[in-house]
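Chemist: To be precise about what I am sending: the file is called protein.txt and holds compact mmCIF, C-alpha atoms.
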# COMPACT_ATOMS: atom_id res chain seq x y z
CA MET A 4 0.00 0.00 0.00
CA THR A 5 2.86 2.36 0.84
CA GLY A 6 4.40 1.69 -2.55
CA ASP A 7 1.10 2.52 -4.25
CA ARG A 8 0.88 5.82 -2.36
CA SER A 9 4.44 6.66 -3.29
CA MET A 10 3.77 5.92 -6.96
CA PHE A 11 0.66 8.09 -7.07
CA ARG A 12 2.46 10.83 -5.15
CA THR A 13 5.25 10.75 -7.73
CA TRP A 14 2.70 10.98 -10.53
CA TRP A 15 0.97 13.93 -8.87
CA ARG A 16 4.25 15.82 -8.39
CA ASP A 17 5.75 14.94 -11.74
CA PRO A 18 6.46 18.06 -13.83
CA VAL A 19 5.34 17.08 -17.30
CA ASP A 20 7.93 18.10 -19.89
CA TYR A 21 5.52 19.83 -22.28
CA ARG A 22 8.26 20.84 -24.69
CA GLY A 23 9.74 17.34 -24.61
CA LEU A 24 6.38 15.81 -25.51
CA VAL A 25 5.96 18.21 -28.40
CA GLU A 26 9.48 17.44 -29.65
CA THR A 27 8.78 13.71 -29.41
CA PHE A 28 5.63 13.97 -31.51
CA GLU A 29 7.46 16.20 -33.97
CA SER A 30 10.34 13.72 -34.32
CA HIS A 31 7.84 11.05 -35.34
CA GLY A 32 6.12 13.30 -37.88
CA ALA A 33 2.85 13.40 -35.93
CA LEU A 34 2.75 17.07 -34.94
CA GLY A 35 1.31 18.28 -38.24
CA ARG A 36 -1.54 15.79 -38.08
CA PHE A 37 -2.30 16.75 -34.48
CA LYS A 38 -2.42 20.42 -35.45
CA PHE A 39 -4.86 19.64 -38.27
CA MET A 40 -7.12 17.58 -36.00
CA LEU A 41 -7.15 20.23 -33.26
CA GLY A 42 -7.96 22.93 -35.81
CA ALA A 43 -10.73 20.76 -37.24
CA GLY A 44 -12.11 20.49 -33.71
CA GLY A 45 -12.47 24.28 -33.75
CA LEU A 46 -14.58 24.04 -36.90
CA VAL A 47 -16.80 21.48 -35.19
CA MET A 48 -17.24 23.85 -32.22
CA LEU A 49 -18.13 26.64 -34.63
CA LEU A 50 -20.76 24.44 -36.27
CA ILE A 51 -22.16 23.46 -32.87
CA ALA A 52 -22.49 27.13 -31.89
CA VAL A 53 -24.45 27.85 -35.08
CA LEU A 54 -26.71 24.81 -34.67
CA ALA A 55 -27.35 25.62 -31.00
CA SER A 56 -28.43 29.13 -31.96
CA VAL A 57 -30.82 27.73 -34.56
CA ALA A 58 -32.16 25.09 -32.16
CA GLN A 59 -33.05 27.67 -29.51
CA GLY A 60 -34.74 30.01 -31.96
CA ASP A 61 -35.95 33.19 -30.27
CA VAL A 62 -35.99 31.64 -26.77
CA ALA A 63 -32.43 32.64 -25.93
CA GLY A 64 -32.91 36.33 -26.65
CA TRP A 65 -30.11 38.82 -27.26
CA VAL A 66 -27.96 37.39 -24.45
CA GLY A 67 -27.91 34.01 -26.13
CA ASP A 68 -27.12 35.61 -29.47
CA VAL A 69 -24.15 37.48 -27.99
CA GLN A 70 -22.84 34.39 -26.24
CA GLY A 71 -23.28 32.31 -29.40
CA GLY A 72 -21.32 34.91 -31.33
CA VAL A 73 -18.53 34.87 -28.72
CA GLU A 74 -18.33 31.08 -28.83
CA ALA A 75 -18.24 31.10 -32.63
CA THR A 76 -15.45 33.69 -32.55
CA VAL A 77 -13.39 31.68 -30.06
CA ALA A 78 -13.87 28.54 -32.17
CA GLY A 79 -12.78 30.37 -35.33
CA LEU A 80 -9.68 31.82 -33.66
CA TRP A 81 -8.85 28.37 -32.29
CA THR A 82 -8.97 26.90 -35.80
CA LEU A 83 -6.85 29.65 -37.36
CA ARG A 84 -4.33 29.41 -34.56
CA TRP A 85 -3.75 25.67 -34.91
CA TRP A 86 -3.72 25.62 -38.71
CA PHE A 87 -1.51 28.61 -39.48
CA LEU A 88 0.81 29.11 -36.48
CA PRO A 89 3.47 26.89 -34.89
CA TRP A 90 2.61 24.67 -31.98
CA PRO A 91 2.00 26.91 -28.92
CA ARG A 92 4.33 27.17 -25.97
CA GLU A 93 3.14 25.78 -22.66
CA THR A 94 1.93 29.13 -21.31
CA GLU A 95 -0.14 29.84 -24.40
CA SER A 96 -1.57 26.33 -24.29
CA LEU A 97 -2.73 26.90 -20.71
CA ILE A 98 -4.29 30.24 -21.69
CA TRP A 99 -6.28 28.54 -24.45
CA ILE A 100 -7.52 25.91 -21.98
CA VAL A 101 -8.72 28.58 -19.55
CA LEU A 102 -10.37 30.59 -22.33
CA PHE A 103 -12.09 27.50 -23.71
CA ASP A 104 -13.35 26.39 -20.29
CA ILE A 105 -14.75 29.80 -19.38
CA ASP A 106 -16.42 30.32 -22.76
CA THR A 107 -17.95 26.84 -22.83
CA THR A 108 -19.27 27.10 -19.27
CA ALA A 109 -20.75 30.55 -19.93
CA ASN A 110 -22.52 29.16 -22.98
CA ASP A 111 -23.83 26.17 -20.99
CA LEU A 112 -25.31 28.38 -18.28
CA LEU A 113 -26.76 31.08 -20.55
CA VAL A 114 -28.61 28.79 -22.94
CA HIS A 115 -32.33 28.17 -22.47
CA ASP A 116 -32.39 24.58 -23.70
CA ARG A 117 -31.21 21.67 -21.59
CA VAL A 118 -30.09 19.59 -24.55
CA VAL A 119 -27.80 22.38 -25.76
CA GLY A 120 -26.45 22.78 -22.24
CA VAL A 121 -25.58 19.10 -21.92
CA LEU A 122 -23.86 19.16 -25.32
CA GLY A 123 -21.69 22.01 -24.07
CA VAL A 124 -20.58 19.99 -21.04
CA VAL A 125 -19.53 17.21 -23.43
CA LEU A 126 -17.23 19.73 -25.15
CA LEU A 127 -15.44 20.20 -21.81
CA THR A 128 -14.69 16.48 -21.92
CA ALA A 129 -13.04 16.94 -25.31
CA MET A 130 -10.76 19.64 -23.90
CA GLY A 131 -10.01 17.30 -21.01
CA ALA A 132 -8.56 14.80 -23.48
CA TYR A 133 -6.09 17.45 -24.72
CA VAL A 134 -5.13 18.32 -21.13
CA THR A 135 -4.66 14.63 -20.34
CA VAL A 136 -1.98 14.22 -23.00
CA PHE A 137 -0.04 17.49 -22.88
CA HIS A 138 -0.31 18.73 -19.29
CA GLY A 139 0.22 17.37 -15.80
CA PRO A 140 -2.18 15.94 -13.23
CA ARG A 141 -2.58 19.26 -11.40
CA VAL A 142 -3.78 21.04 -14.52
CA LEU A 143 -6.08 18.10 -15.25
CA ALA A 144 -7.43 18.24 -11.69
CA LEU A 145 -8.34 21.91 -12.16
CA HIS A 146 -10.07 21.16 -15.45
CA VAL A 147 -11.94 18.19 -13.94
CA GLY A 148 -13.06 20.30 -11.00
CA TRP A 149 -14.28 23.06 -13.32
CA THR A 150 -16.18 20.54 -15.46
CA ILE A 151 -17.86 18.91 -12.46
CA LEU A 152 -18.79 22.33 -11.06
CA THR A 153 -20.33 23.29 -14.41
CA SER A 154 -22.31 20.02 -14.43
CA VAL A 155 -23.63 20.66 -10.91
CA VAL A 156 -24.76 24.20 -11.76
CA LEU A 157 -26.36 22.95 -14.97
CA ALA A 158 -28.22 20.24 -13.03
CA PHE A 159 -29.45 22.85 -10.55
CA LEU A 160 -30.80 25.01 -13.39
CA MET A 161 -32.56 22.00 -14.83
CA PHE A 162 -34.13 21.26 -11.45
CA ARG A 163 -35.27 24.88 -11.14
CA GLY A 164 -36.92 24.61 -14.53
CA GLU A 165 -34.85 27.41 -16.02
CA LEU A 166 -33.82 25.25 -18.99
CA ALA A 167 -36.66 24.61 -21.43
CA ASP A 168 -37.87 21.19 -22.54
CA ALA A 169 -39.77 21.35 -25.82
CA THR A 170 -41.41 17.96 -25.20
CA ARG A 171 -43.09 19.00 -21.96
CA SER A 172 -46.23 20.94 -21.12
CA PRO A 173 -45.45 23.96 -18.91
CA GLN A 174 -48.43 23.16 -16.67
CA VAL A 175 -47.03 19.78 -15.58
CA ASP A 176 -44.80 19.73 -12.47
CA ARG A 177 -41.98 17.30 -13.11
CA SER A 178 -39.43 18.56 -10.61
CA ARG A 179 -38.59 15.02 -9.49
CA GLU A 180 -37.80 13.97 -13.04
CA ASP A 181 -35.71 17.12 -13.51
CA LEU A 182 -33.77 16.39 -10.34
CA ALA A 183 -33.13 12.80 -11.41
CA LEU A 184 -31.96 13.93 -14.85
CA GLY A 185 -29.66 16.55 -13.35
CA ILE A 186 -28.08 14.04 -10.96
CA ALA A 187 -27.60 11.62 -13.86
CA VAL A 188 -25.75 14.29 -15.84
CA VAL A 189 -23.42 14.97 -12.89
CA LEU A 190 -22.75 11.26 -12.35
CA VAL A 191 -21.96 10.71 -16.02
CA MET A 192 -19.44 13.57 -15.95
CA LEU A 193 -17.92 12.19 -12.74
CA VAL A 194 -17.30 8.85 -14.45
CA VAL A 195 -16.09 10.21 -17.79
CA VAL A 196 -14.09 13.24 -16.63
CA GLY A 197 -13.36 12.49 -12.99
CA VAL A 198 -12.39 8.83 -13.40
CA MET A 199 -11.52 7.95 -16.98
CA LEU A 200 -9.35 10.97 -17.87
CA PRO A 201 -7.11 10.70 -14.76
CA PHE A 202 -6.87 6.95 -15.36
CA VAL A 203 -5.73 7.50 -18.95
CA GLN A 204 -3.25 10.17 -17.89
CA PHE A 205 -1.81 7.96 -15.14
CA CYS A 206 -1.31 5.08 -17.60
CA HIS A 207 0.30 7.50 -20.06
CA TRP A 208 2.63 8.76 -17.33
CA LEU A 209 3.51 5.24 -16.16
CA LEU A 210 4.44 4.08 -19.67
CA ARG A 211 6.46 7.26 -20.26
CA ALA A 212 8.26 6.90 -16.93
CA ASP A 213 9.07 3.27 -17.72
CA ALA A 214 10.57 4.27 -21.07
CA GLN A 215 12.74 6.86 -19.31
CA SER A 216 14.01 4.55 -16.57
CA ASP A 217 16.84 2.04 -16.39
CA PRO A 218 15.21 -1.35 -15.73
CA LEU A 219 18.14 -2.67 -13.66
CA THR A 220 18.70 0.18 -11.22
CA GLY A 221 15.43 2.10 -11.41
CA LEU A 222 17.35 5.30 -12.11
CA LEU A 223 16.74 7.56 -15.06
CA ASN A 224 18.27 6.47 -18.34
CA ARG A 225 19.81 8.89 -20.83
CA ARG A 226 16.42 9.72 -22.36
CA GLY A 227 14.98 10.34 -18.91
CA LEU A 228 17.89 12.60 -17.99
CA ASP A 229 17.38 14.66 -21.15
CA THR A 230 13.65 14.90 -20.36
CA TYR A 231 14.03 16.10 -16.78
CA LEU A 232 16.95 18.45 -17.36
CA SER A 233 14.62 21.19 -18.59
CA SER A 234 12.42 21.13 -15.50
CA HIS A 235 15.43 20.79 -13.19
CA ILE A 236 16.84 24.11 -14.38
CA VAL A 237 14.16 25.90 -12.36
CA HIS A 238 15.42 24.39 -9.09
CA CYS A 239 18.87 25.94 -9.30
CA ARG A 240 18.23 29.42 -10.70
CA ARG A 241 19.37 31.08 -7.46
CA GLU A 242 22.12 28.58 -6.68
CA SER A 243 25.14 27.19 -8.45
CA ALA A 244 24.53 23.95 -10.28
CA TYR A 245 26.76 20.93 -10.74
CA VAL A 246 26.96 17.88 -12.95
CA ALA A 247 28.93 14.86 -11.74
CA THR A 248 29.93 11.99 -14.01
CA LEU A 249 30.87 8.78 -12.19
CA ASP A 250 32.38 5.73 -13.85
CA MET A 251 33.24 2.44 -12.13
CA ASP A 252 36.94 1.56 -12.20
CA ARG A 253 38.03 -1.63 -14.01
CA PHE A 254 34.46 -2.89 -14.10
CA LYS A 255 35.15 -5.22 -17.00
CA ALA A 256 37.57 -7.13 -14.82
CA VAL A 257 34.87 -7.44 -12.14
CA ASN A 258 32.44 -8.92 -14.66
CA ASP A 259 35.07 -11.27 -16.10
CA THR A 260 36.09 -12.51 -12.63
CA PHE A 261 32.76 -12.77 -10.81
CA GLY A 262 30.24 -12.95 -13.64
CA HIS A 263 27.58 -10.62 -14.96
CA PRO A 264 24.97 -11.38 -12.24
CA PHE A 265 27.44 -10.08 -9.65
CA GLY A 266 28.12 -7.08 -11.85
CA ASP A 267 24.39 -6.37 -11.99
CA GLU A 268 24.23 -6.54 -8.20
CA VAL A 269 27.10 -4.08 -7.92
CA LEU A 270 25.32 -1.67 -10.27
CA THR A 271 22.08 -1.97 -8.30
CA ARG A 272 23.86 -1.31 -5.01
CA THR A 273 25.76 1.57 -6.59
CA ALA A 274 22.46 3.18 -7.56
CA GLN A 275 21.22 2.84 -3.99
CA ARG A 276 24.42 4.34 -2.57
CA LEU A 277 24.15 7.29 -4.91
CA ARG A 278 20.55 7.91 -3.87
CA GLU A 279 21.70 8.06 -0.26
CA ALA A 280 24.68 10.29 -1.01
CA VAL A 281 22.99 13.13 -2.92
CA GLU A 282 20.31 15.65 -2.08
CA SER A 283 16.69 14.61 -2.55
CA ASP A 284 16.06 17.00 -5.47
CA ALA A 285 19.06 15.83 -7.52
CA LEU A 286 18.68 13.88 -10.76
CA ILE A 287 20.49 10.54 -10.92
CA ALA A 288 20.82 8.64 -14.18
CA ARG A 289 22.61 5.56 -15.43
CA THR A 290 23.78 6.76 -18.82
CA GLY A 291 25.97 3.84 -19.84
CA GLY A 292 27.10 0.40 -18.78
CA GLU A 293 28.85 1.49 -15.60
CA GLU A 294 28.54 5.25 -15.97
CA PHE A 295 26.26 7.42 -13.85
CA VAL A 296 25.41 11.12 -14.02
CA ILE A 297 24.19 13.26 -11.12
CA VAL A 298 22.73 16.73 -11.66
CA GLY A 299 22.03 18.91 -8.65
CA CYS A 300 22.15 22.30 -6.99
CA LEU A 301 25.54 23.04 -5.42
CA ARG A 302 25.07 23.82 -1.73
CA GLU A 303 28.65 23.02 -0.63
CA ASP A 304 32.12 22.80 -2.09
CA ALA A 305 32.24 20.82 -5.35
CA ALA A 306 35.18 18.76 -4.10
CA ALA A 307 33.14 17.73 -1.05
CA VAL A 308 30.32 16.53 -3.31
CA GLY A 309 32.77 14.53 -5.39
CA GLU A 310 34.41 12.97 -2.35
CA ARG A 311 31.05 11.98 -0.93
CA LEU A 312 30.14 10.24 -4.18
CA ARG A 313 33.52 8.54 -4.44
CA GLY A 314 33.40 7.43 -0.80
CA ALA A 315 29.86 6.09 -1.16
CA ILE A 316 31.07 3.63 -3.79
CA GLU A 317 34.34 2.73 -2.08
CA SER A 318 32.58 1.95 1.21
CA MET A 319 30.00 -0.51 -0.16
CA PRO A 320 29.98 -3.36 2.39
CA ASP A 321 29.81 -7.14 2.04
CA LEU A 322 31.51 -7.42 -1.34
CA PRO A 323 34.28 -9.90 -2.17
CA VAL A 324 36.21 -7.24 -4.06
CA ALA A 325 36.82 -3.54 -3.55
CA ILE A 326 34.72 -1.41 -5.89
CA THR A 327 35.88 2.10 -6.69
CA ALA A 328 34.84 4.85 -9.07
CA SER A 329 36.30 7.89 -10.80
CA VAL A 330 34.31 11.10 -10.45
CA GLY A 331 34.38 14.24 -12.57
CA ILE A 332 32.46 17.38 -11.57
CA ALA A 333 31.65 20.54 -13.50
CA VAL A 334 30.08 23.59 -11.86
CA LEU A 335 27.94 26.39 -13.25
CA GLU A 336 28.42 29.40 -10.98
CA VAL A 337 25.29 31.43 -10.28
CA THR A 338 27.35 34.66 -10.21
CA ARG A 339 28.58 34.28 -13.77
CA SER A 340 26.35 36.27 -16.07
CA ASP A 341 27.98 34.81 -19.17
CA ASN A 342 26.66 31.33 -18.33
CA PRO A 343 22.84 31.49 -18.32
CA TYR A 344 20.86 28.66 -16.80
CA ASP A 345 19.47 26.92 -19.83
CA LEU A 346 19.57 23.51 -21.44
CA ALA A 347 22.67 24.35 -23.48
CA ALA A 348 24.53 25.30 -20.29
CA TYR A 349 23.69 21.96 -18.71
CA ARG A 350 24.86 20.08 -21.77
CA ARG A 351 28.17 21.93 -21.59
CA LEU A 352 28.45 20.84 -17.97
CA LEU A 353 27.84 17.24 -19.02
CA ARG A 354 30.72 17.37 -21.50
CA ARG A 355 33.05 19.05 -19.01
CA SER A 356 32.24 16.62 -16.20
CA ASP A 357 32.82 13.67 -18.55
CA SER A 358 36.23 15.08 -19.49
CA ALA A 359 37.07 15.60 -15.82
CA MET A 360 36.07 12.02 -15.04
CA TYR A 361 38.61 10.72 -17.57
CA ARG A 362 41.27 12.87 -15.93
CA ALA A 363 40.43 11.14 -12.64
CA LYS A 364 40.83 7.78 -14.35
CA ARG A 365 44.24 8.75 -15.71
CA ARG A 366 45.32 9.41 -12.13
CA GLY A 367 44.70 5.75 -11.37
CA GLY A 368 41.01 5.77 -10.55
CA ASN A 369 39.21 6.13 -7.20
CA ALA A 370 39.73 9.88 -7.55
CA VAL A 371 37.83 13.13 -8.03
CA ALA A 372 38.61 15.73 -10.68
CA ILE A 373 37.00 19.16 -10.89
CA ALA A 374 36.57 20.66 -14.34
CA GLY A 375 38.63 23.83 -14.71
CA LYS A 376 41.04 22.94 -11.88
CA ASP A 377 44.44 21.36 -12.39
CA GLU A 378 43.71 20.93 -16.07
CA PRO A 379 46.78 20.97 -18.31
CA PRO A 380 46.86 23.96 -20.63
CA PRO A 381 45.85 23.17 -24.21
CA ALA A 382 48.80 22.21 -26.34
CA ARG A 383 49.83 24.75 -28.93
CA PRO A 384 49.21 23.36 -32.40
CA ARG A 385 52.40 22.45 -34.17
CA ARG A 386 52.89 23.29 -37.79
CA LYS A 387 52.57 20.17 -39.91
CA PRO A 388 55.54 19.68 -42.25
CA SER A 389 54.58 19.85 -45.89
CA GLY A 390 54.12 16.49 -47.55
CA VAL A 391 53.39 14.65 -44.28
CA PRO A 392 49.89 13.10 -44.15
CA GLU A 393 47.62 14.03 -41.22
CA ILE A 394 47.30 11.30 -38.57
CA HIS A 395 44.16 11.28 -36.42
CA PRO A 396 44.60 10.33 -32.77
CA ALA A 397 43.30 6.99 -31.60
CA ALA A 398 40.19 6.65 -29.49
CA THR A 399 40.48 7.66 -25.87
CA THR A 400 41.54 4.78 -23.65
CA ASP A 401 40.82 4.21 -20.00
CA GLU A 402 43.25 3.08 -17.35
CA ILE A 403 43.28 -0.59 -18.41
CA GLY A 404 43.85 0.19 -22.05
CA MET A 405 40.34 -0.57 -23.33
CA PRO A 406 38.90 1.92 -25.85
CA SER A 407 36.13 3.84 -24.11
CA ALA A 408 33.83 3.53 -27.11
CA SER A 409 33.93 -0.26 -26.87
CA ARG A 410 32.50 -0.51 -23.40
CA GLY A 411 29.16 -2.30 -23.47
CA PRO A 412 26.55 -2.59 -20.76
CA HIS A 413 28.73 -4.87 -18.65
CA SER A 414 32.23 -3.93 -19.76
Could you rewrite the structure in this file as C-alpha cells?

Modeler:
Amino acid sequence: MTGDRSMFRTWWRDPVDYRGLVETFESHGALGRFKFMLGAGGLVMLLIAVLASVAQGDVAGWVGDVQGGVEATVAGLWTLRWWFLPWPRETESLIWIVLFDIDTTANDLLVHDRVVGVLGVVLLTAMGAYVTVFHGPRVLALHVGWTILTSVVLAFLMFRGELADATRSPQVDRSREDLALGIAVVLVMLVVVGVMLPFVQFCHWLLRADAQSDPLTGLLNRRGLDTYLSSHIVHCRRESAYVATLDMDRFKAVNDTFGHPFGDEVLTRTAQRLREAVESDALIARTGGEEFVIVGCLREDAAAVGERLRGAIESMPDLPVAITASVGIAVLEVTRSDNPYDLAAYRRLLRRSDSAMYRAKRRGGNAVAIAGKDEPPPARPRRKPSGVPEIHPAATTDEIGMPSASRGPHS
C-alpha cells in the first residue's frame, strides 16, 4: 500500500515536460496531423455554436445571441491558430484551456435549452482529453473540478426549470424527473471526466516513466535525464549547479572474474548508494554500462560533493572485491552572467564533467577531478611539415587500455 501511495504521489508531483512531448511527436512526424485535428475540432465547435443558436430560436434572446457569437469567434480563432501558427508554448496552451473552459461554461449556463447545455458539457470532456496528454495531473485536476462544477450548476438550473424542454407541457410539475436527470448528468461527468481521464493520464505517465528509466537500477536512463533536465533548471536558478559523471573503475575485470549477475548486483547497489549520497532534489541517471550522471544544486564545495560520491562507492559493504569509481564534476556558478541557466549550459556541464572524469581515471582511478582545476593547458598546435599526411589520434583509452567507445553494458 505504501508503494502505491508513493507511486501516485510521484505521478501527482511529476512536472510534465511539455516541450519534450511536443518534440517527441514532432520527431515522429505526428505534430502536423495533431495540429490539423485540433484545428478541425475548432470548426466542429463553430458548427455546434451555429446549430445551437438555430435550435433555440428566439428563446435565448439577445444574451444568447451574444454568447453564441462569442463562442463562434473563439472557435474560429482556435482553428486559425492551430492551422496557421506553430505549436504553442506551454503558457499559451494553458491560456487557451482557460479561455475554452470559461467560454464553454458561460454558454452552458446562458442557454435556455437543456439539450444544448448538456452538449456544451460534453465539449469540456473533449478539452479534457487534450489536457490529459499534454499537461500534468494538477492542470487536469483543475479542469476536472471546473467541469464537475459546471455540471452541478447545470443540473441545478434543470431542477429549477430554467432550462426549457420542448417535449413537456409547462403546466405539468416534473421537478422530481428534472432532479433525477440533473443528478444523472453529474454522475456521467464524474465517471467520464473524474475517473476515466485521470486513469488515462496515469497510464500514459507510467508508460512514459518506464521508457525513461533504467530497468536494472530504477534510475533515469539517458532519455529520462534529457527529459528532466529542462524542469530541473528551475530548481537551481538562485544557486550554483553541478553535474557529476561517475564511472566504475576496471568494471570489465569485475564482470570477467565474478560474472555478470554479480556485476548487476554491484550496479544496483551503486544506484542505492548514490541515492543516499545526494540531495533529494538531484537527478540521478545511469547513462551507460557502468557510468552514472548526477545533476544537482551546489550547496557546498564541489570537491566535497565529489568525495562523498567517491566514498559512497568505495565503502560498499559485504563485497568480495573492492569497488571504486572515478568522479568528474563541472560547476555552473550562479554569479557568472555569461553562463545562463538553460539547457545548453547543462549540456556543456555534461561534457566538461565527462572530461574531468577521464582525468580522474588517468590518475589511477578512485579519484575526483574538478573541471577547470588542475587541467593541463591546451597544447599549442604544431605546424605540420609539408608532404606529411595528417594522422588522427586513436580513441580515448581508460586506465586498463580498453577503448572507451567499446564498453558495453557490462564492460

Chemist: So how many Å separate CA of Leu49 (chain A) and CA of Gly139 (chain A), to one decimal?

Modeler: 27.9 Å

Chemist: Counting all atoms listed in the file, figure out which residue out of A:Ala212, A:Leu97, A:Val119, A:Met199 gets nearest to Tyr21 (chain A).

Modeler: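 Using all atoms listed in the file, the shortest distance to Tyr21 (chain A) belongs to A:Leu97.
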
Chemist: Excluding same-chain residues fewer than 2 positions from region 35-40 of chain A, what lies within 10 Å of it counting all atoms listed in the file, as a ChimeraX atom specification?

Modeler: /A:28-29,32-33,42-46,82,84-90

Chemist: Given the point (26.5, 8.6, -16.7) in the file's coordinates, find the residues that have an atom at most 9 Å from it, counting all atoms listed in the file, and give them as a list in words.

Modeler: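 It turns out the residues near that spot are Asn224, Arg225, Ala247, Thr248, Leu249, Asp250, Ile287, Ala288, Arg289, Thr290, Gly291, Gly292, Glu293, Glu294, Phe295, Val296, Ile297 and Asp357 of chain A.
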
Chemist: Between A:Leu54, A:Ala132, A:Leu312, A:Leu160, which is the closest to Arg117 (chain A) once you count all atoms listed in the file?

Modeler: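 Checking each candidate against Arg117 (chain A), we get A:Leu160 as the closest.
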
Chemist: Mind checking which residues fall within 10 Å of Ile105 (chain A), counting all atoms listed in the file, ignoring those fewer than 4 positions away in the same chain, and posting them as a PyMOL selection string?

Modeler: chain A and resi 99-101+109-111+127+149+153

Chemist: Could you take the residues named above and write them with C-alpha atoms, as a JSON list (two decimals), keeping the file's coordinate frame?

Modeler:
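Writing done, so here's out19.json:
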[["chain", "number", "residue", "atom", "x", "y", "z"],
["A", 99, "TRP", "CA", -6.28, 28.54, -24.45],
["A", 100, "ILE", "CA", -7.52, 25.91, -21.98],
["A", 101, "VAL", "CA", -8.72, 28.58, -19.55],
["A", 109, "ALA", "CA", -20.75, 30.55, -19.93],
["A", 110, "ASN", "CA", -22.52, 29.16, -22.98],
["A", 111, "ASP", "CA", -23.83, 26.17, -20.99],
["A", 127, "LEU", "CA", -15.44, 20.20, -21.81],
["A", 149, "TRP", "CA", -14.28, 23.06, -13.32],
["A", 153, "THR", "CA", -20.33, 23.29, -14.41]]

Chemist: Quick check, in Å to one decimal: how far apart do CA of Ala374 (chain A) and CA of Val334 (chain A) lie?

Modeler: 7.5 Å
